[in-house]
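Next comes structure_37.cif, with mmCIF, C-alpha atoms.
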data_model
#
loop_
_atom_site.label_atom_id
_atom_site.label_comp_id
_atom_site.auth_asym_id
_atom_site.auth_seq_id
_atom_site.Cartn_x
_atom_site.Cartn_y
_atom_site.Cartn_z
CA MET A 1 44.82 -3.47 59.30
CA VAL A 2 47.60 -2.92 56.75
CA SER A 3 48.12 -5.83 54.38
CA LEU A 4 51.54 -7.40 54.05
CA PRO A 5 52.00 -6.47 50.34
CA ASP A 6 51.24 -2.80 51.13
CA SER A 7 53.74 -2.83 53.98
CA LEU A 8 56.37 -4.40 51.74
CA ARG A 9 55.75 -1.84 49.00
CA ARG A 10 56.15 1.04 51.47
CA SER A 11 59.31 -0.48 52.90
CA SER A 12 60.70 -0.99 49.41
CA ALA A 13 59.90 2.62 48.47
CA THR A 14 61.57 3.87 51.66
CA LEU A 15 64.70 1.83 50.97
CA GLN A 16 64.79 3.05 47.38
CA ARG A 17 64.56 6.69 48.48
CA ALA A 18 67.33 6.13 51.02
CA PHE A 19 69.47 4.50 48.35
CA GLU A 20 68.94 7.42 45.97
CA ARG A 21 69.96 9.89 48.66
CA GLN A 22 73.12 7.93 49.40
CA ARG A 23 73.93 7.06 45.78
CA PRO A 24 76.72 9.68 45.35
CA ARG A 25 78.43 8.52 48.57
CA LEU A 26 78.09 4.87 47.66
CA THR A 27 79.47 5.54 44.17
CA GLN A 28 82.44 7.40 45.63
CA GLY A 29 83.06 4.52 48.02
CA VAL A 30 83.11 2.10 45.08
CA ARG A 31 85.59 4.32 43.20
CA MET A 32 87.94 4.63 46.17
CA THR A 33 87.81 0.89 46.86
CA ALA A 34 88.47 0.05 43.21
CA ALA A 35 91.39 2.49 43.07
CA SER A 36 92.94 1.07 46.24
CA LEU A 37 92.67 -2.55 45.12
CA ALA A 38 93.88 -1.88 41.58
CA THR A 39 96.88 0.06 42.88
CA PHE A 40 97.77 -2.70 45.32
CA VAL A 41 97.72 -5.30 42.56
CA LEU A 42 99.90 -3.16 40.29
CA ALA A 43 102.35 -2.29 43.08
CA GLU A 44 102.75 -6.00 43.88
CA ALA A 45 103.22 -6.84 40.22
CA LEU A 46 105.88 -4.12 39.83
CA GLY A 47 107.62 -5.18 43.04
CA LEU A 48 107.56 -1.72 44.61
CA PRO A 49 109.16 -1.96 48.07
CA GLN A 50 106.62 0.31 49.79
CA GLY A 51 103.50 -0.17 47.72
CA TYR A 52 101.28 1.09 50.50
CA TRP A 53 102.30 4.66 49.55
CA ALA A 54 100.85 4.07 46.10
CA VAL A 55 97.62 2.71 47.63
CA ILE A 56 97.31 5.71 49.97
CA THR A 57 97.93 8.09 47.07
CA ALA A 58 95.28 6.43 44.91
CA LEU A 59 92.81 6.77 47.78
CA ILE A 60 93.59 10.50 48.15
CA VAL A 61 93.51 11.23 44.42
CA THR A 62 90.13 9.57 43.82
CA GLN A 63 87.86 12.56 44.43
CA ALA A 64 84.13 13.05 43.96
CA ASN A 65 84.58 14.36 40.40
CA VAL A 66 87.17 14.32 37.64
CA GLY A 67 88.21 17.93 38.18
CA GLY A 68 88.92 17.30 41.85
CA SER A 69 90.92 14.18 40.97
CA LEU A 70 92.99 16.15 38.45
CA LYS A 71 93.93 18.72 41.07
CA ALA A 72 94.66 16.13 43.75
CA ALA A 73 96.84 14.09 41.34
CA LEU A 74 98.80 17.12 40.16
CA ASP A 75 99.35 18.47 43.67
CA ARG A 76 100.30 15.10 45.07
CA PHE A 77 102.71 14.21 42.26
CA LEU A 78 104.48 17.58 41.97
CA GLY A 79 104.75 17.93 45.74
CA SER A 80 106.16 14.42 46.07
CA VAL A 81 108.68 14.92 43.26
CA LEU A 82 109.88 18.18 44.78
CA GLY A 83 110.10 16.71 48.27
CA ALA A 84 111.84 13.52 47.15
CA CYS A 85 114.38 15.27 44.92
CA TYR A 86 115.19 17.99 47.43
CA GLY A 87 115.24 15.58 50.37
CA GLY A 88 117.58 13.25 48.46
CA ALA A 89 119.87 16.14 47.58
CA VAL A 90 120.05 17.24 51.21
CA ALA A 91 120.78 13.65 52.29
CA PHE A 92 123.73 13.53 49.87
CA ALA A 93 125.01 16.97 50.84
CA ILE A 94 124.68 16.54 54.62
CA PRO A 95 125.56 13.04 55.84
CA HIS A 96 123.52 12.35 58.94
CA HIS A 97 123.59 9.53 61.45
CA GLY A 98 121.62 10.99 64.31
CA GLY A 99 122.10 13.84 66.70
CA ALA A 100 123.19 17.27 65.49
CA SER A 101 123.88 16.16 61.89
CA THR A 102 120.34 14.83 61.47
CA PHE A 103 118.95 18.00 63.10
CA ALA A 104 120.88 20.15 60.64
CA ALA A 105 119.83 18.06 57.62
CA LEU A 106 116.22 18.15 58.73
CA PHE A 107 116.31 21.92 59.15
CA VAL A 108 117.85 22.48 55.71
CA ALA A 109 115.32 20.15 54.09
CA VAL A 110 112.14 21.22 55.85
CA ALA A 111 112.52 25.01 56.21
CA PRO A 112 112.34 25.97 52.49
CA LEU A 113 109.71 23.34 51.69
CA THR A 114 107.39 24.48 54.47
CA PHE A 115 107.70 28.02 53.11
CA ALA A 116 106.80 26.71 49.65
CA ALA A 117 103.79 24.95 51.18
CA THR A 118 102.56 28.24 52.64
CA VAL A 119 102.88 29.89 49.23
CA SER A 120 101.04 27.11 47.36
CA ALA A 121 98.81 24.43 48.86
CA GLY A 122 100.02 22.09 46.10
CA PHE A 123 103.37 21.75 47.90
CA ARG A 124 101.96 20.63 51.24
CA ILE A 125 103.13 17.07 50.62
CA ALA A 126 106.68 18.18 49.76
CA PRO A 127 108.07 18.63 53.31
CA ILE A 128 106.43 15.34 54.39
CA THR A 129 108.15 13.50 51.54
CA ALA A 130 111.50 15.11 52.34
CA ILE A 131 111.19 14.05 55.99
CA ILE A 132 110.44 10.47 54.96
CA VAL A 133 113.46 10.42 52.63
CA LEU A 134 115.73 11.73 55.39
CA LEU A 135 114.49 9.81 58.41
CA SER A 136 113.11 6.54 57.07
CA THR A 137 115.11 3.46 57.99
CA THR A 138 114.36 2.09 54.52
CA GLY A 139 115.95 5.20 53.04
CA SER A 140 119.15 4.61 54.97
CA THR A 141 119.25 1.01 53.69
CA LEU A 142 118.53 1.75 50.01
CA GLY A 143 120.32 5.07 49.86
CA PRO A 144 118.63 8.45 49.35
CA LEU A 145 118.65 8.34 45.54
CA ALA A 146 117.08 4.89 45.20
CA PHE A 147 114.59 5.62 47.95
CA ALA A 148 113.57 8.93 46.34
CA LEU A 149 113.07 7.23 42.97
CA ASP A 150 110.97 4.49 44.54
CA ARG A 151 108.90 7.12 46.30
CA ILE A 152 108.26 8.99 43.03
CA LEU A 153 107.28 5.74 41.29
CA GLU A 154 104.87 4.84 44.10
CA ILE A 155 103.25 8.25 44.13
CA GLY A 156 103.11 8.34 40.33
CA LEU A 157 101.43 4.95 40.20
CA GLY A 158 98.83 6.00 42.78
CA CYS A 159 98.11 9.22 40.88
CA VAL A 160 97.68 7.44 37.55
CA VAL A 161 95.40 4.74 38.94
CA GLY A 162 93.33 7.18 41.03
CA LEU A 163 92.82 9.47 38.05
CA GLY A 164 92.07 6.52 35.76
CA VAL A 165 89.41 5.18 38.13
CA SER A 166 87.83 8.66 38.35
CA LEU A 167 87.62 8.74 34.56
CA LEU A 168 86.41 5.17 34.03
CA VAL A 169 84.33 4.09 37.05
CA ALA A 170 81.01 5.98 37.09
CA PRO A 171 82.76 9.24 36.16
CA ALA A 172 81.28 12.39 37.68
CA ARG A 173 81.86 15.73 35.99
CA ALA A 174 82.34 18.83 38.12
CA ALA A 175 80.33 20.86 35.59
CA ARG A 176 77.19 18.91 36.45
CA ALA A 177 77.85 19.41 40.14
CA VAL A 178 78.27 23.14 39.48
CA THR A 179 74.72 23.50 38.15
CA GLY A 180 73.30 21.47 41.02
CA GLN A 181 75.15 23.56 43.58
CA ALA A 182 74.14 26.77 41.79
CA ALA A 183 70.51 25.65 41.92
CA GLY A 184 70.76 25.03 45.65
CA LEU A 185 72.33 28.45 46.19
CA ALA A 186 69.59 30.12 44.13
CA ARG A 187 66.94 28.45 46.28
CA LEU A 188 68.63 29.71 49.45
CA LEU A 189 68.64 33.23 48.01
CA ALA A 190 64.96 32.85 47.15
CA GLY A 191 64.30 31.85 50.75
CA GLN A 192 66.03 35.01 51.93
CA LEU A 193 63.91 37.14 49.60
CA GLU A 194 60.72 35.50 50.83
CA ALA A 195 61.76 36.24 54.42
CA LEU A 196 62.51 39.87 53.54
CA ALA A 197 59.11 40.16 51.85
CA ARG A 198 57.34 39.50 55.16
CA LEU A 199 58.97 42.49 56.92
CA GLU A 200 59.03 40.59 60.20
CA PRO A 201 60.01 42.71 63.25
CA GLU A 202 62.38 39.97 64.44
CA GLU A 203 64.02 37.24 62.40
CA THR A 204 63.20 33.66 63.27
CA PRO A 205 66.05 31.17 63.87
CA GLU A 206 65.33 29.67 60.44
CA VAL A 207 65.72 33.06 58.75
CA LYS A 208 68.91 33.84 60.72
CA ALA A 209 70.37 30.54 59.50
CA LEU A 210 69.96 31.50 55.83
CA PRO A 211 72.92 33.95 55.40
CA PRO A 212 75.49 31.48 56.84
CA ALA A 213 74.02 28.75 54.65
CA VAL A 214 74.38 31.03 51.62
CA ARG A 215 78.04 31.69 52.47
CA ARG A 216 78.78 27.99 52.79
CA SER A 217 76.96 27.20 49.56
CA LEU A 218 78.83 29.94 47.71
CA ALA A 219 82.18 28.67 49.01
CA ARG A 220 81.32 25.17 47.81
CA LEU A 221 80.30 26.57 44.42
CA GLU A 222 83.65 28.36 44.12
CA THR A 223 85.46 25.07 44.73
CA LEU A 224 83.36 23.20 42.18
CA ALA A 225 83.77 26.00 39.62
CA GLY A 226 87.55 25.69 39.94
CA GLU A 227 87.34 21.93 39.42
CA ALA A 228 85.03 22.36 36.41
CA ALA A 229 87.41 24.91 34.91
CA ARG A 230 90.24 22.41 35.32
CA GLU A 231 88.22 19.80 33.42
CA ARG A 232 87.68 22.29 30.58
CA ARG A 233 91.38 23.15 30.39
CA SER A 234 92.17 19.42 30.25
CA ARG A 235 89.61 18.90 27.43
CA LEU A 236 87.69 16.48 29.63
CA SER A 237 84.49 18.54 29.52
CA ALA A 238 82.71 20.60 26.89
CA ALA A 239 80.52 22.40 29.43
CA PRO A 240 80.44 26.20 29.45
CA ASP A 241 82.87 28.19 31.56
CA PRO A 242 81.44 28.18 35.12
CA ALA A 243 83.05 31.51 36.05
CA PRO A 244 80.22 33.73 34.64
CA LEU A 245 77.62 31.68 36.53
CA LEU A 246 79.61 32.03 39.75
CA ARG A 247 80.02 35.78 39.26
CA THR A 248 76.29 36.22 38.63
CA LEU A 249 75.32 34.38 41.80
CA MET A 250 77.87 36.39 43.77
CA ARG A 251 76.25 39.59 42.48
CA LEU A 252 72.80 38.29 43.41
CA ARG A 253 74.01 37.52 46.90
CA HIS A 254 75.41 41.05 47.13
CA ASP A 255 72.03 42.43 46.01
CA LEU A 256 70.33 40.61 48.88
CA VAL A 257 72.89 41.89 51.38
CA LEU A 258 72.07 45.45 50.27
CA LEU A 259 68.32 44.84 50.41
CA ARG A 260 68.58 43.30 53.87
CA ARG A 261 70.63 46.23 55.13
CA ALA A 262 68.29 48.82 53.60
CA ILE A 263 65.24 47.21 55.21
CA ALA A 264 66.98 46.95 58.58
CA GLU A 265 67.87 50.66 58.49
CA ALA A 266 64.62 51.96 56.95
CA ASP A 267 61.71 53.36 58.92
CA ALA A 268 59.82 50.17 59.79
CA ASP A 269 56.48 51.93 60.27
CA VAL A 270 56.66 53.60 56.85
CA LEU A 271 57.47 50.32 55.16
CA ARG A 272 54.71 48.36 56.91
CA VAL A 273 52.02 51.00 56.56
CA HIS A 274 52.66 52.46 53.11
CA LEU A 275 54.83 50.01 51.17
CA ALA A 276 54.32 46.57 52.69
CA GLU A 277 52.09 45.18 49.95
CA ALA A 278 54.09 46.63 47.05
CA TRP A 279 57.41 45.57 48.57
CA GLY A 280 56.11 42.09 49.39
CA ASN A 281 54.84 41.63 45.82
CA ALA A 282 58.20 42.68 44.36
CA ALA A 283 60.30 40.52 46.71
CA ASN A 284 58.07 37.48 46.24
CA ALA A 285 58.10 37.91 42.46
CA ALA A 286 61.91 37.99 42.53
CA ALA A 287 61.97 34.89 44.75
CA ALA A 288 59.62 33.07 42.38
CA ARG A 289 61.86 33.99 39.43
CA LEU A 290 64.88 32.69 41.33
CA ARG A 291 63.15 29.38 42.01
CA VAL A 292 62.23 28.96 38.34
CA LEU A 293 65.86 29.55 37.36
CA ALA A 294 67.04 27.17 40.09
CA ASP A 295 64.79 24.43 38.73
CA ALA A 296 66.11 25.07 35.20
CA LEU A 297 69.73 24.80 36.40
CA ALA A 298 69.05 21.63 38.36
CA ALA A 299 67.27 19.95 35.44
CA GLY A 300 69.60 21.25 32.72
CA HIS A 301 66.67 22.82 30.86
CA ARG A 302 66.06 26.24 29.39
CA PRO A 303 64.28 28.52 31.89
CA ALA A 304 60.52 28.67 31.43
CA GLY A 305 58.66 31.99 31.26
CA ASP A 306 60.09 35.47 31.55
CA ASP A 307 60.38 38.25 34.12
CA ALA A 308 57.13 40.03 33.22
CA ALA A 309 55.69 39.44 36.69
CA LEU A 310 58.82 40.83 38.33
CA LEU A 311 58.80 43.88 36.06
CA ALA A 312 55.17 44.58 36.98
CA ALA A 313 55.88 44.12 40.69
CA ILE A 314 58.85 46.52 40.60
CA ALA A 315 56.70 49.03 38.73
CA GLY A 316 54.08 48.60 41.45
CA TYR A 317 56.65 49.41 44.13
CA ARG A 318 57.64 52.59 42.28
CA GLU A 319 53.98 53.55 41.97
CA ALA A 320 53.56 53.06 45.71
CA ILE A 321 56.46 55.47 46.31
CA ASP A 322 54.83 58.00 43.92
CA GLY A 323 51.60 57.63 45.90
CA MET A 324 53.48 58.44 49.10
CA ARG A 325 54.92 61.56 47.48
CA GLN A 326 51.48 62.68 46.26
CA ARG A 327 50.11 62.24 49.78
CA GLN A 328 53.17 64.15 51.03
CA VAL A 329 54.10 61.32 53.36
CA THR A 330 57.76 61.66 52.35
CA ARG A 331 57.85 65.22 53.74
CA THR A 332 57.72 63.81 57.26
CA LEU A 333 60.74 61.55 56.64
CA SER A 334 64.41 62.34 57.04
CA THR A 335 66.66 62.56 54.02
CA ASP A 336 68.17 59.18 54.93
CA GLY A 337 64.72 57.65 55.32
CA VAL A 338 63.63 58.82 51.87
CA GLY A 339 66.92 57.68 50.40
CA ARG A 340 66.52 54.14 51.73
CA ILE A 341 63.04 53.83 50.23
CA PHE A 342 64.37 54.84 46.83
CA TRP A 343 67.45 52.67 47.36
CA LEU A 344 65.17 49.65 47.68
CA ALA A 345 63.71 50.48 44.26
CA PHE A 346 67.18 50.80 42.74
CA SER A 347 68.31 47.53 44.35
CA LEU A 348 65.24 45.73 43.03
CA GLU A 349 66.04 46.91 39.52
CA GLN A 350 69.65 45.78 39.90
CA LEU A 351 68.41 42.43 41.18
CA ARG A 352 66.18 42.07 38.12
CA ARG A 353 69.12 42.68 35.77
CA ASN A 354 71.19 40.07 37.56
CA LEU A 355 68.30 37.61 37.37
CA ASP A 356 68.21 38.19 33.60
CA ASP A 357 71.92 37.40 33.56
CA LEU A 358 71.29 34.22 35.57
CA ALA A 359 68.64 33.20 33.03
CA ALA A 360 71.22 33.62 30.25
CA ARG A 361 73.71 31.46 32.17
CA ALA A 362 71.03 28.79 32.69
CA LYS A 363 70.42 28.79 28.92
CA ASP A 364 74.16 28.29 28.32
CA PHE A 365 74.24 25.23 30.54
CA SER A 366 71.02 23.85 29.04
CA LYS A 367 72.75 23.74 25.64
CA SER A 368 75.62 21.76 27.11
CA GLU A 369 73.16 19.30 28.64
CA ALA A 370 71.21 18.87 25.41
#

Please express what this file holds, its structure, as structure tokens.
Amino acid sequence: MVSLPDSLRRSSATLQRAFERQRPRLTQGVRMTAASLATFVLAEALGLPQGYWAVITALIVTQANVGGSLKAALDRFLGSVLGACYGGAVAFAIPHHGGASTFAALFVAVAPLTFAATVSAGFRIAPITAIIVLLSTTGSTLGPLAFALDRILEIGLGCVVGLGVSLLVAPARAARAVTGQAAGLARLLAGQLEALARLEPEETPEVKALPPAVRRSLARLETLAGEAARERRSRLSAAPDPAPLLRTLMRLRHDLVLLRRAIAEADADVLRVHLAEAWGNAANAAAARLRVLADALAAGHRPAGDDAALLAAIAGYREAIDGMRQRQVTRTLSTDGVGRIFWLAFSLEQLRRNLDDLAARAKDFSKSEA
């Protein structure tokens, strides 16, 4: 029978683990709540007629990291200023009181702004703001100029408060998220290599799920890298430029695409009979190196060890090919078949160079974490 203290300790440990998993979401919820409440108080104190726009803006601007908040604030403010100014100008130029006049004013206001929104995502709020300026009953009461100015003040207040909360309340830097996301992507790539090492005749559902997961992870990393770069440009972060890390992981992903294709098109019997052990050793050594680098990125430490094991494994694969040539096995293969076997050796060497580059990028980020 389990004693009550043991049961309580296990329950406490389970709750603590659950809390740790949900900590980022809970922290973001606290930020968004704080931004909303602070904006409401300030809007009431300033007597803004439609303070709820400021509250909504603060909620939108408060992103998961400072870089994301910077982008959201800039896009929201510039789009609102453009929409309010242009919508107010159209309201002055085309008096509208319903019917055809309102239709014409709406067309003149919305058409160019929607085109601008297709050119730059930062202007997506502009046509919405122009529509509000033109069609709002409050706008007709205050006049387009006063209403546009109030709208800019409300949006500006929401942007300032949302950005301030992101900087002051448990601030999260995009650069730290970049290394965590990069580590996760590296582990997915290692999983792909380990699957390729087994030379399975048919891929399992788990293995088939890896390439889509890699694409999603890479897309997320691109977003975070852009946010981290924005923090660097704004002097809010001293972390290294994330672009080289992103490029290296993109090259590694490309290496795996080439390896996967070469294995799929190679003579399966030749690979399994003559090269299975050498290929498996090389692919597993590369996967192990990737996991070491992933751990270093996640922890913000310098990578441990070197690529000696991978070098030896690649040399072993080349020796296996030489053994096939000495036994004249390659004479029975087509030119394409021989080419794919050698292409695997070339791709492994290219993969090793890119892993060395990833190790250098991990060292760069370890200095920033020190």

Exercise. Smallest atom-to-atom distance to Gly323 of chain A: which of A:Ala146, A:Ala172, A:Val161, A:Ala278, using all atoms listed in the file?
Worked result: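 Residue with the minimum atom-to-atom distance to Gly323 of chain A: A:Ala278.
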
Exercise. What do you get, as an MDAnalysis selection string, if you spell out every residue that the PyMOL selection byres ((chain A and resi 72) around 10) selects here?
Worked result: chainID A and resid 57:58 60:63 66:71 73:77 122 159 162:163

Just want the 7 Å neighbourhood of Pro303 of chain A, counted on all atoms listed in the file, with same-chain residues fewer than 4 positions away dropped. Output as an mmCIF file with C-alpha atoms, in the coordinates of the input.
data_model
loop_
_atom_site.group_PDB
_atom_site.id
_atom_site.type_symbol
_atom_site.label_atom_id
_atom_site.label_comp_id
_atom_site.auth_asym_id
_atom_site.auth_seq_id
_atom_site.Cartn_x
_atom_site.Cartn_y
_atom_site.Cartn_z
ATOM 1 C CA VAL A 292 62.230 28.960 38.340
ATOM 2 C CA LEU A 293 65.860 29.550 37.360
ATOM 3 C CA ALA A 296 66.110 25.070 35.200
ATOM 4 C CA ALA A 359 68.640 33.200 33.030
ATOM 5 C CA ALA A 362 71.030 28.790 32.690
ATOM 6 C CA LYS A 363 70.420 28.790 28.920
#

For this session: I need the residue set behind the PyMOL selection byres ((chain A and resi 219) around 12) for this file; please write it as a ChimeraX atom specification.
Result: /A:178,181-182,185,212-218,220-226,246,249-250

Problem set entry | Selection: 10 Å around Leu310 of chain A, only C-alpha atoms, excl. self and same-chain fewer than 6 positions, as a list in words | Asn281, Ala282, Ala283, Asn284, Ala285, Ala286, Ala287, Ala288, Arg289, Gly316, Leu348, Glu349 and Arg352 of chain A

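Separating atom CA of Trp343 of chain A from atom CA of Asp255 of chain A is a distance of 11.3 Å.
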
Problem set entry | Atom-to-atom span, atom CA of Val30 of chain A and atom CA of Ala228 of chain A, Å |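 About the pair atom CA of Val30 of chain A and atom CA of Ala228 of chain A: they are 22.1 Å apart.
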
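Residues matched by the PyMOL selection byres ((chain A and resi 149) around 12) in this file: A:Leu48, A:Pro49, A:Gln50, A:Ser80, A:Val81, A:Leu82, A:Gly83, A:Ala84, A:Cys85, A:Tyr86, A:Gly87, A:Gly88, A:Thr129, A:Val133, A:Gly139, A:Leu142, A:Gly143, A:Pro144, A:Leu145, A:Ala146, A:Phe147, A:Ala148, A:Asp150, A:Arg151, A:Ile152, A:Leu153, A:Glu154, A:Ile155, A:Gly156.
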
For this session: Would you kindly identify which residues have an atom no farther than 9 Å from (94.9, 0.0, 43.3), using all atoms listed in the file and the file's own coordinates, and write them out as a list of chain:residue names?
Result: A:Met32, A:Thr33, A:Ala34, A:Ala35, A:Ser36, A:Leu37, A:Ala38, A:Thr39, A:Phe40, A:Val41, A:Leu42, A:Ala43, A:Ala54, A:Val55, A:Ala58, A:Leu59, A:Leu157, A:Gly158, A:Val161, A:Gly162

Exercise. So which one's closest to Ala299 of chain A, A:Ala170, A:Ala109, A:Ala177, A:Ala264? Using all atoms listed in the file, please.
Worked result: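 Checking each of A:Ala170, A:Ala109, A:Ala177, A:Ala264 against Ala299 of chain A, counting all atoms listed in the file, the winner is A:Ala177.
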
Exercise. By how many Å are atom CA of Ser366 of chain A and atom CA of Val169 of chain A apart?
Worked result: 25.1 Å

For this session: Select all residues near (62.9, 54.2, 49.3) (cut-off 12 Å, inclusive, file coordinates), counting all atoms listed in the file, and output them as a ChimeraX atom specification.
Result: /A:259,262-263,265-268,270-271,274-276,278-279,317-322,324-325,330,333-348

For this session: Would you please work out which residue, of A:Leu258, A:Val160, A:Leu351, A:Ala91, is nearest to Ile314 of chain A when using all atoms listed in the file?
Result: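 That would be A:Leu351, the residue with the smallest distance to Ile314 of chain A.
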
Problem set entry | All residues 8 Å or closer to Val110 of chain A, all atoms listed in the file, same chain fewer than 5 positions away omitted, as a list in words | Pro127, Ala130 and Ile131 of chain A

Problem set entry | Residue neighbourhood Glu200 of chain A, 12 Å, all atoms listed in the file, exclusion window fewer than 3 positions, as a list in words |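 Near Glu200 of chain A, the qualifying residues are Glu194, Ala195, Leu196, Ala197, Glu203, Thr204, Val207, Lys208, Arg260, Ile263, Ala264, Ala268, Asp269, Leu271, Arg272, Ala276 and Gly280 of chain A.
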